[in-house]
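Visitor: Just one file: query-v6.pdb, with PDB, C-alpha atoms.
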```pdb
ATOM      1  CA  MET A 158     100.215  68.178 143.423
ATOM      2  CA  LYS A 159      98.236  70.819 141.537
ATOM      3  CA  PRO A 160     100.413  72.689 138.995
ATOM      4  CA  THR A 161     100.745  76.436 139.335
ATOM      5  CA  ARG A 162      99.647  78.842 136.614
ATOM      6  CA  SER A 163     103.262  79.674 135.748
ATOM      7  CA  GLN A 164     104.120  75.974 135.534
ATOM      8  CA  ILE A 165     101.260  75.359 133.119
ATOM      9  CA  LEU A 166     102.307  78.288 130.911
ATOM     10  CA  HIS A 167     105.944  77.184 130.917
ATOM     11  CA  GLU A 168     105.033  73.586 130.075
ATOM     12  CA  LEU A 169     102.729  74.730 127.273
ATOM     13  CA  ASN A 170     105.600  76.640 125.687
ATOM     14  CA  THR A 171     107.766  73.526 125.811
ATOM     15  CA  LEU A 172     105.063  71.201 124.461
ATOM     16  CA  ILE A 173     104.283  73.431 121.481
ATOM     17  CA  MET A 174     107.953  73.901 120.584
ATOM     18  CA  ASN A 175     108.315  70.098 120.759
ATOM     19  CA  GLY A 176     105.331  69.616 118.453
ATOM     20  CA  ASP A 177     103.261  67.681 121.008
ATOM     21  CA  THR A 178      99.713  68.282 119.783
ATOM     22  CA  GLN A 179      97.822  65.937 122.106
ATOM     23  CA  GLU A 180      99.451  67.132 125.321
ATOM     24  CA  THR A 181      99.108  70.763 124.231
ATOM     25  CA  ALA A 182      95.346  70.343 123.947
ATOM     26  CA  HIS A 183      95.190  68.529 127.288
ATOM     27  CA  LEU A 184      97.231  71.164 129.127
ATOM     28  CA  ILE A 185      95.220  74.059 127.690
ATOM     29  CA  GLU A 186      92.053  72.387 128.981
ATOM     30  CA  LEU A 187      93.745  71.928 132.369
ATOM     31  CA  GLY A 188      94.851  75.562 132.397
ATOM     32  CA  LEU A 189      91.339  76.828 131.688
ATOM     33  CA  LYS A 190      90.022  74.628 134.487
ATOM     34  CA  ASN A 191      92.657  76.165 136.801
ATOM     35  CA  ASN A 192      91.343  79.682 136.095
ATOM     36  CA  LEU A 193      93.855  80.605 133.416
ATOM     37  CA  SER A 194      92.087  82.811 130.903
ATOM     38  CA  SER A 195      92.207  82.397 127.127
ATOM     39  CA  GLN A 196      93.821  85.842 126.978
ATOM     40  CA  GLU A 197      96.647  84.764 129.313
ATOM     41  CA  ILE A 198      97.349  81.634 127.267
ATOM     42  CA  ILE A 199      97.361  83.602 124.022
ATOM     43  CA  ASP A 200      99.532  86.433 125.395
ATOM     44  CA  ASN A 201     102.023  84.234 127.255
ATOM     45  CA  VAL A 202     102.189  81.172 125.020
ATOM     46  CA  ILE A 203     100.543  81.262 121.600
ATOM     47  CA  ILE A 204     101.848  84.629 120.377
ATOM     48  CA  PRO A 205     105.431  84.293 121.727
ATOM     49  CA  VAL A 206     105.789  80.730 120.416
ATOM     50  CA  SER A 207     104.350  81.721 117.028
ATOM     51  CA  LYS A 208     106.980  84.470 116.792
ATOM     52  CA  ARG A 209     109.775  82.058 117.733
ATOM     53  CA  ILE A 210     108.633  79.574 115.097
ATOM     54  CA  ALA A 211     108.399  82.344 112.496
ATOM     55  CA  GLU A 212     111.999  83.361 113.299
ATOM     56  CA  LYS A 213     113.199  79.759 113.245
ATOM     57  CA  PHE A 214     111.788  79.090 109.804
ATOM     58  CA  ARG A 215     112.189  82.559 108.293
ATOM     59  CA  GLY A 216     112.641  82.231 104.550
ATOM     60  CA  ALA A 217     111.644  78.568 104.518
ATOM     61  CA  ASP A 218     108.914  77.112 102.346
ATOM     62  CA  PHE A 219     105.707  77.142 104.414
ATOM     63  CA  TYR A 220     104.821  73.621 103.398
ATOM     64  CA  ILE A 221     107.990  71.815 104.456
ATOM     65  CA  PRO A 222     107.308  69.100 107.092
ATOM     66  CA  ASP A 223     109.244  70.804 109.905
ATOM     67  CA  VAL A 224     107.143  73.956 109.631
ATOM     68  CA  LEU A 225     103.882  72.017 109.575
ATOM     69  CA  PHE A 226     105.073  69.951 112.547
ATOM     70  CA  ALA A 227     105.777  73.122 114.529
ATOM     71  CA  LEU A 228     102.483  74.796 113.638
ATOM     72  CA  ARG A 229     100.201  71.824 114.281
ATOM     73  CA  PRO A 230     100.048  72.140 118.104
ATOM     74  CA  ILE A 231      99.388  75.890 117.788
ATOM     75  CA  LYS A 232      96.417  75.261 115.502
ATOM     76  CA  THR A 233      95.152  72.565 117.871
ATOM     77  CA  GLY A 234      95.579  74.872 120.859
ATOM     78  CA  LEU A 235      93.663  77.661 119.129
ATOM     79  CA  ALA A 236      90.828  75.249 118.324
ATOM     80  CA  VAL A 237      90.615  74.206 121.987
ATOM     81  CA  LEU A 238      90.629  77.832 123.150
ATOM     82  CA  LYS A 239      87.928  78.740 120.658
ATOM     83  CA  ASN A 240      85.689  75.859 121.732
ATOM     84  CA  LEU A 241      86.173  76.374 125.467
ATOM     85  CA  SER A 242      86.244  80.169 125.684
ATOM     86  CA  PRO A 243      83.101  81.606 127.271
ATOM     87  CA  GLN A 244      80.587  82.863 124.705
ATOM     88  CA  VAL A 245      79.845  86.185 126.363
ATOM     89  CA  THR A 246      78.483  88.690 123.866
ATOM     90  CA  LYS A 247      78.947  92.254 125.126
ATOM     91  CA  TYR A 248      78.437  94.043 121.825
ATOM     92  CA  PRO A 249      75.554  93.881 119.337
ATOM     93  CA  HIS A 250      77.907  93.858 116.357
ATOM     94  CA  LYS A 251      78.534  90.671 114.384
ATOM     95  CA  ILE A 252      81.899  90.138 112.729
ATOM     96  CA  VAL A 253      82.506  87.829 109.764
ATOM     97  CA  ILE A 254      86.117  86.719 109.310
ATOM     98  CA  ALA A 255      87.857  84.718 106.593
ATOM     99  CA  THR A 256      91.165  83.957 104.918
ATOM    100  CA  VAL A 257      90.694  84.815 101.255
ATOM    101  CA  ALA A 258      90.625  82.388  98.317
ATOM    102  CA  GLY A 259      93.924  80.745  97.414
ATOM    103  CA  ASP A 260      95.330  81.068 100.938
ATOM    104  CA  ILE A 261      95.148  78.292 103.540
ATOM    105  CA  HIS A 262      96.959  80.112 106.368
ATOM    106  CA  ASP A 263      94.838  79.811 109.480
ATOM    107  CA  ILE A 264      96.758  80.832 112.601
ATOM    108  CA  GLY A 265      96.626  84.631 112.263
ATOM    109  CA  LYS A 266      92.965  84.572 111.307
ATOM    110  CA  SER A 267      92.122  82.223 114.176
ATOM    111  CA  LEU A 268      93.989  84.424 116.657
ATOM    112  CA  VAL A 269      91.982  87.449 115.549
ATOM    113  CA  ALA A 270      88.728  85.488 115.771
ATOM    114  CA  ILE A 271      89.476  84.354 119.330
ATOM    115  CA  PHE A 272      90.550  87.847 120.444
ATOM    116  CA  LEU A 273      87.279  89.260 119.116
ATOM    117  CA  GLN A 274      85.276  86.448 120.686
ATOM    118  CA  ILE A 275      86.765  86.752 124.173
ATOM    119  CA  ASN A 276      86.304  90.515 124.005
ATOM    120  CA  GLY A 277      82.570  90.156 123.561
ATOM    121  CA  TYR A 278      81.895  90.103 119.823
ATOM    122  CA  GLU A 279      79.871  87.482 117.970
ATOM    123  CA  VAL A 280      82.245  86.044 115.367
ATOM    124  CA  ILE A 281      81.315  84.046 112.274
ATOM    125  CA  ASP A 282      84.505  82.314 111.114
ATOM    126  CA  LEU A 283      84.265  81.181 107.487
ATOM    127  CA  GLY A 284      87.640  79.433 107.548
ATOM    128  CA  VAL A 285      90.391  79.552 104.934
ATOM    129  CA  ASP A 286      90.543  79.655 101.132
ATOM    130  CA  VAL A 287      87.120  81.328 101.007
ATOM    131  CA  PRO A 288      85.920  82.594  97.586
ATOM    132  CA  ALA A 289      84.604  86.140  97.242
ATOM    133  CA  ASP A 290      81.094  84.942  96.350
ATOM    134  CA  ARG A 291      80.866  82.857  99.526
ATOM    135  CA  ILE A 292      82.055  85.791 101.640
ATOM    136  CA  SER A 293      79.439  87.986  99.971
ATOM    137  CA  GLN A 294      76.736  85.410 100.715
ATOM    138  CA  ALA A 295      77.801  85.296 104.379
ATOM    139  CA  VAL A 296      77.613  89.095 104.602
ATOM    140  CA  GLU A 297      74.124  89.035 103.131
ATOM    141  CA  GLU A 298      73.037  86.236 105.483
ATOM    142  CA  HIS A 299      74.559  87.420 108.774
ATOM    143  CA  LYS A 300      74.481  91.201 108.202
ATOM    144  CA  PRO A 301      77.704  91.865 110.143
ATOM    145  CA  ALA A 302      78.981  95.288 111.111
ATOM    146  CA  VAL A 303      82.539  94.252 110.221
ATOM    147  CA  LEU A 304      84.158  91.939 107.681
ATOM    148  CA  ALA A 305      87.733  90.935 108.543
ATOM    149  CA  LEU A 306      89.900  89.526 105.738
ATOM    150  CA  SER A 307      93.255  87.803 106.115
ATOM    151  CA  SER A 308      95.995  87.047 103.587
ATOM    152  CA  LEU A 309      99.456  85.668 104.318
ATOM    153  CA  LEU A 310     100.643  85.413 100.709
ATOM    154  CA  THR A 311     101.558  88.215  98.328
ATOM    155  CA  THR A 312      99.886  86.169  95.584
ATOM    156  CA  THR A 313      96.496  86.312  97.341
ATOM    157  CA  MET A 314      96.495  89.932  98.519
ATOM    158  CA  GLY A 315      94.653  90.968  95.375
ATOM    159  CA  GLU A 316      91.782  88.679  96.349
ATOM    160  CA  MET A 317      90.931  91.157  99.116
ATOM    161  CA  ALA A 318      90.235  93.771  96.448
ATOM    162  CA  ASN A 319      88.124  91.209  94.595
ATOM    163  CA  VAL A 320      86.040  90.635  97.741
ATOM    164  CA  ILE A 321      85.395  94.376  98.110
ATOM    165  CA  GLU A 322      84.449  94.640  94.423
ATOM    166  CA  THR A 323      82.067  91.698  94.806
ATOM    167  CA  LEU A 324      80.432  93.334  97.820
ATOM    168  CA  GLU A 325      79.984  96.562  95.880
ATOM    169  CA  LYS A 326      78.544  94.682  92.896
ATOM    170  CA  ASN A 327      76.034  92.979  95.199
ATOM    171  CA  ARG A 328      75.232  96.287  96.955
ATOM    172  CA  LEU A 329      76.504  95.006 100.300
ATOM    173  CA  ARG A 330      79.461  97.335 100.815
ATOM    174  CA  ARG A 331      77.611  99.997 102.804
ATOM    175  CA  PRO A 332      77.345 100.320 105.795
ATOM    176  CA  LEU A 333      79.715  97.328 106.197
ATOM    177  CA  LYS A 334      83.214  98.035 107.529
ATOM    178  CA  VAL A 335      85.985  95.965 105.916
ATOM    179  CA  ILE A 336      89.287  95.465 107.736
ATOM    180  CA  VAL A 337      92.324  93.591 106.453
ATOM    181  CA  GLY A 338      95.492  92.057 107.860
ATOM    182  CA  GLY A 339      98.246  89.526 107.300
ATOM    183  CA  GLY A 340     101.986  89.348 106.785
ATOM    184  CA  PRO A 341     102.310  91.109 103.399
ATOM    185  CA  VAL A 342      99.404  93.523 103.940
ATOM    186  CA  SER A 343     100.077  97.177 104.797
ATOM    187  CA  GLU A 344      98.072 100.258 105.666
ATOM    188  CA  ASN A 345      98.804 101.728 102.235
ATOM    189  CA  PHE A 346      97.516  98.576 100.574
ATOM    190  CA  ALA A 347      94.354  98.680 102.707
ATOM    191  CA  GLU A 348      93.691 102.255 101.591
ATOM    192  CA  PHE A 349      94.446 101.394  97.956
ATOM    193  CA  ILE A 350      91.818  98.619  97.789
ATOM    194  CA  GLY A 351      89.213 100.674  99.657
ATOM    195  CA  ALA A 352      89.255  98.866 103.005
ATOM    196  CA  ASP A 353      88.173 100.750 106.141
ATOM    197  CA  GLY A 354      91.046  99.675 108.343
ATOM    198  CA  TYR A 355      94.221  97.646 108.755
ATOM    199  CA  SER A 356      95.696  95.849 111.744
ATOM    200  CA  PRO A 357      99.273  94.516 111.753
ATOM    201  CA  HIS A 358      98.756  92.246 114.779
ATOM    202  CA  ALA A 359      95.879  90.229 116.233
ATOM    203  CA  PRO A 360      95.649  92.048 119.617
ATOM    204  CA  GLU A 361      95.442  95.447 117.896
ATOM    205  CA  THR A 362      92.372  94.345 115.958
ATOM    206  CA  ILE A 363      90.217  94.930 119.044
ATOM    207  CA  ASN A 364      91.108  98.616 119.162
ATOM    208  CA  LEU A 365      90.650  98.900 115.390
ATOM    209  CA  VAL A 366      87.143  97.430 115.551
ATOM    210  CA  LYS A 367      86.151  99.699 118.434
ATOM    211  CA  ARG A 368      87.518 102.708 116.570
ATOM    212  CA  ILE A 369      85.763 102.117 113.251
ATOM    213  CA  LEU A 370      82.458 101.272 114.928
TER
END
```
Just give me the structure as structure tokens.

Guide:
Amino acid sequence: MKPTRSQILHELNTLIMNGDTQETAHLIELGLKNNLSSQEIIDNVIIPVSKRIAEKFRGADFYIPDVLFALRPIKTGLAVLKNLSPQVTKYPHKIVIATVAGDIHDIGKSLVAIFLQINGYEVIDLGVDVPADRISQAVEEHKPAVLALSSLLTTTMGEMANVIETLEKNRLRRPLKVIVGGGPVSENFAEFIGADGYSPHAPETINLVKRIL
């Protein structure tokens, strides 16, 4: 019997909370084949489960095994969504995105990348722990309209300022728009380092990009 959309979403929630990476990937593929959209899976599964995991492990060391076990199926699910989401480019603007040097947090950055992608932007994802010089090289190569930087650690927030300084030194800052986000980042911090915008949550990044462009 063919599962309903609500059944697939409910089962995905359970699989991710149980840390079942393989079945999470399989069920996301099944959901997409059954006309579930990437947006529905993100809104109804990925974001709510990420929040529940964040609450469950609040104050815990990010690298303890239980946290990694809980996050692994989310990262796998995001990778599947990214690979299988339709590549429909509605806008002429390219967006380069990266987690700054010293920071290996991937989920928030990947969520933003997928939201931008499924909303019609061409996204160049540089990954995590990306040095300022490499980000600058990517800006020079791809000539994006927007550079999105992520940091989930207070110890790496300053690297965002370093990226902006590197862009200015290499005469790449204008007319590029730089936006920042991540757990410890704030609007005041974004203004202080000379960024053009700040988004506290992945879904809001779409409106931010539209506004600054």

Visitor: For a quick check of your reading of the model, name the residues lying within 12 Å of the coordinate (96.7, 84.5, 134.4), counting all atoms listed in the file, and write them as a short mmCIF file (atom, residue, chain, number, x, y, z; two decimals) with C-alpha atoms, in the frame of the given file.

Guide:
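Now in point.cif:
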```
data_model
loop_
_atom_site.label_atom_id
_atom_site.label_comp_id
_atom_site.auth_asym_id
_atom_site.auth_seq_id
_atom_site.Cartn_x
_atom_site.Cartn_y
_atom_site.Cartn_z
CA THR A 161 100.74 76.44 139.34
CA ARG A 162 99.65 78.84 136.61
CA SER A 163 103.26 79.67 135.75
CA GLN A 164 104.12 75.97 135.53
CA ILE A 165 101.26 75.36 133.12
CA LEU A 166 102.31 78.29 130.91
CA GLY A 188 94.85 75.56 132.40
CA LEU A 189 91.34 76.83 131.69
CA LYS A 190 90.02 74.63 134.49
CA ASN A 191 92.66 76.17 136.80
CA ASN A 192 91.34 79.68 136.10
CA LEU A 193 93.86 80.60 133.42
CA SER A 194 92.09 82.81 130.90
CA SER A 195 92.21 82.40 127.13
CA GLN A 196 93.82 85.84 126.98
CA GLU A 197 96.65 84.76 129.31
CA ILE A 198 97.35 81.63 127.27
CA ILE A 199 97.36 83.60 124.02
CA ASP A 200 99.53 86.43 125.40
CA ASN A 201 102.02 84.23 127.26
CA VAL A 202 102.19 81.17 125.02
#
```

Visitor: Please compute the atom CA of Thr178 of chain A-atom CA of Asp263 of chain A distance, one decimal, in Å.

Guide: 16.2 Å

Visitor: Rank A:Val303, A:Thr311, A:Leu273, A:Pro341 by their smallest atom-to-atom distance to Ile369 of chain A, using all atoms listed in the file, and report the top residue only.

Guide: A:Val303

Visitor: Apply the PyMOL selection byres ((chain A and resi 176) around 6) to the structure shown and report the selected residues as a ChimeraX atom specification.

Guide: /A:173-175,177-178,226-227,230

Visitor: Can you turn the PyMOL selection byres ((chain A and resi 323-332) around 8) into a concrete residue list for this file, as a PyMOL selection string?

Guide: chain A and resi 289-290+293+296-297+302+319-322+333-334

Visitor: Complete the atoms of segment 329-346 of chain A to N, CA and C atoms and put them out as a CSV table (one decimal), in the coordinates of the input.

Guide:
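Generated file (rebuild.csv):
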```csv
chain,number,residue,atom,x,y,z
A,329,LEU,N,76.4,95.4,98.9
A,329,LEU,CA,76.5,95.0,100.3
A,329,LEU,C,77.6,95.8,101.0
A,330,ARG,N,78.3,96.7,100.3
A,330,ARG,CA,79.5,97.3,100.8
A,330,ARG,C,79.1,98.3,101.9
A,331,ARG,N,78.0,99.0,101.8
A,331,ARG,CA,77.6,100.0,102.8
A,331,ARG,C,76.4,99.5,103.6
A,332,PRO,N,76.4,99.6,104.9
A,332,PRO,CA,77.3,100.3,105.8
A,332,PRO,C,78.4,99.4,106.4
A,333,LEU,N,78.7,98.3,105.7
A,333,LEU,CA,79.7,97.3,106.2
A,333,LEU,C,81.1,98.0,106.3
A,334,LYS,N,81.8,97.6,107.4
A,334,LYS,CA,83.2,98.0,107.5
A,334,LYS,C,84.1,96.8,107.2
A,335,VAL,N,85.1,97.0,106.3
A,335,VAL,CA,86.0,96.0,105.9
A,335,VAL,C,87.4,96.3,106.5
A,336,ILE,N,87.9,95.3,107.2
A,336,ILE,CA,89.3,95.5,107.7
A,336,ILE,C,90.1,94.3,107.2
A,337,VAL,N,91.4,94.6,107.0
A,337,VAL,CA,92.3,93.6,106.5
A,337,VAL,C,93.6,93.5,107.3
A,338,GLY,N,94.3,92.3,107.1
A,338,GLY,CA,95.5,92.1,107.9
A,338,GLY,C,96.2,90.8,107.3
A,339,GLY,N,97.4,90.6,107.8
A,339,GLY,CA,98.2,89.5,107.3
A,339,GLY,C,99.7,90.0,107.0
A,340,GLY,N,100.6,89.0,106.9
A,340,GLY,CA,102.0,89.3,106.8
A,340,GLY,C,102.3,90.4,105.7
A,341,PRO,N,101.9,90.2,104.5
A,341,PRO,CA,102.3,91.1,103.4
A,341,PRO,C,101.4,92.4,103.3
A,342,VAL,N,100.4,92.4,104.1
A,342,VAL,CA,99.4,93.5,103.9
A,342,VAL,C,99.9,94.8,104.7
A,343,SER,N,99.6,95.9,104.2
A,343,SER,CA,100.1,97.2,104.8
A,343,SER,C,98.9,98.2,104.8
A,344,GLU,N,99.1,99.2,105.6
A,344,GLU,CA,98.1,100.3,105.7
A,344,GLU,C,97.9,100.9,104.3
A,345,ASN,N,98.9,101.1,103.6
A,345,ASN,CA,98.8,101.7,102.2
A,345,ASN,C,98.0,100.8,101.3
A,346,PHE,N,98.3,99.5,101.4
A,346,PHE,CA,97.5,98.6,100.6
A,346,PHE,C,96.0,98.6,100.9
```
